[in-house]
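This report concerns only the one structure given below.
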Amino acid sequence: MLRQVAEGVLIHESDFMQSNAVVVQGGAGVLLIDAGIRVDEIAGIANDLRESGQPVAAGFSTHPHWDHVLWHAELGAAPRYGTARCAAVVQARLSDPEWKTAVAGMIPDDIVEHVPLDDSFGRIIGLPAEAARIPWDGPGVRIIEHQAHAPGHAALLIEELGVLVAGDMLSDVLIPMLNFMAPDPIEDYLAALRLLEGVAADVDVIVPGHGSVGGADQLHARIDQDRAYVRALRDGQDPSDPRVGPSAKPDWEWVNDVHAGQLQRLAQRSERDGTPDLP
């Protein structure tokens with residue numbers, strides 16, 4: 001179930017949206033990043049780790065969306081971290097007595113019964129705002145926080161292993177999905193891409209939240225593709241992006257609807273504000 005993508009780094013790719021759970025091997029156990037989606041998949045990861053004698057020493061959620069804050073009792077009770085903003089968003093959601101109903105409404109009907117919406121959901125410890133690394137006994141993991149896609153989103157650079165866990169960015173199948181709760185979602189996204197570009201020289205492997213793992217040769221290409229898409233949105237131009245339109249990957253045609261929705265929301269913001277939505 002787990003496959004190695006770099007020395008000491010393994011992933012499990014879910015059937016749901018090619019979602020990647022990431023395992024980083026450490027001294028007294030593993031760091032599990034974005035634990036997975038379906039109950040059987042997460043339990044399978046737990047079983048693989050148990051058989052290899054590697055308990056989960058720590059968890060991390062790259063951002064507060066439902067598919068990145070799941071957990072399972074078989075993974076144990078290790079501390080699960082996120083940025084302070086990520087944790088605040090999740091805690092606000094959990095403060096609603098009807099949170100399970102609300103979250104279930106976000107999940108596709110065909111998998112909702114297989115997603116672990118229990119008391120382990122979203123139990124994230126917010127790291128101090130100044131935290132630069134994840135506190136655990138393993139390779140140094142640098143936190144690169146930005147506000148693209150979701151509040152408190154973090155990419156993680158596993159420095160000595162040259163692995164960038166990108167969260168919901170740098171995907172070969174998903175277009176950039178903006179955080180429309182932010183005052184300037186376009187500039188937030190472009191700023192995040194600049195941050196990732198700034199560590200590119202230290203990266204040998206990229207692991208997106210959804211999609212295919214890539215090598216160093218693909219990192220700049222994915223950054224450039226995402227930047228071109230966001231700028232096209234900003235300027236009201238055709239993005240000419242293979243992830244949308246007739247060239248979209250089979251079974252991923254729904255990404256066209258996401259693109260159309262983003263165009264509509266940007267147009268509504270421009271009409272409301274009376275000015276173009278420029279950075």
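Lettering and numbering for the structure tokens are positional, with chains as A, B, ... in the shown order, residues counted from 1 in each chain, and ligands counted from 1 in the shown order.
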* To do: Using backbone DSSP assignments, extract all alpha helix (DSSP H) residues from region 57-153 of chain A; output them as a list in words.
  =>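 Restricting region 57-153 of chain A to alpha helix (DSSP H) produces Ala84, Arg85, Cys86, Ala87, Ala88, Val89, Val90, Gln91, Ala92, Arg93, Leu94, Trp99, Lys100, Thr101, Ala102, Val103 and Ala104 of chain A.
Atom to atom, CA of Val22 (chain A) and CA of His65 (chain A) stand 16.5 Å apart.
The closest residue to Val199 (chain A), picked from A:Gly214, A:Pro176, A:Gly162, A:Gly8 and counting only C-alpha atoms, is A:Gly162.
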* Option closest in space to Ser270 (chain A), from A:Arg234, A:Ala35, A:Glu74, A:Ala6 [counting only C-alpha atoms] ->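 Nearest candidate to Ser270 (chain A) out of A:Arg234, A:Ala35, A:Glu74, A:Ala6: A:Arg234.
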* Distance criterion (only C-alpha atoms): nearest to Asp40 (chain A) out of A:Asp96, A:Glu160, A:Asp67, A:Glu113 -> A:Glu113
* To do: May I ask which of the residues A:Gln18, A:Val56, A:Ser61, A:Gly138 is the closest one to Ala77 (chain A), counting only C-alpha atoms?
  => A:Val56
Show me, as JSON lines, the residues of region 136-194 of chain A having an atom within 7 Å of region 82-94 of chain A, each with the closest atom pair and its distance in Å, using only C-alpha atoms.
```
{"residue": "A:Pro151", "atom": "CA", "partner": "A:Cys86", "partner_atom": "CA", "distance": 6.1}
{"residue": "A:Gly152", "atom": "CA", "partner": "A:Arg85", "partner_atom": "CA", "distance": 4.5}
{"residue": "A:His153", "atom": "CA", "partner": "A:Cys86", "partner_atom": "CA", "distance": 6.7}
```
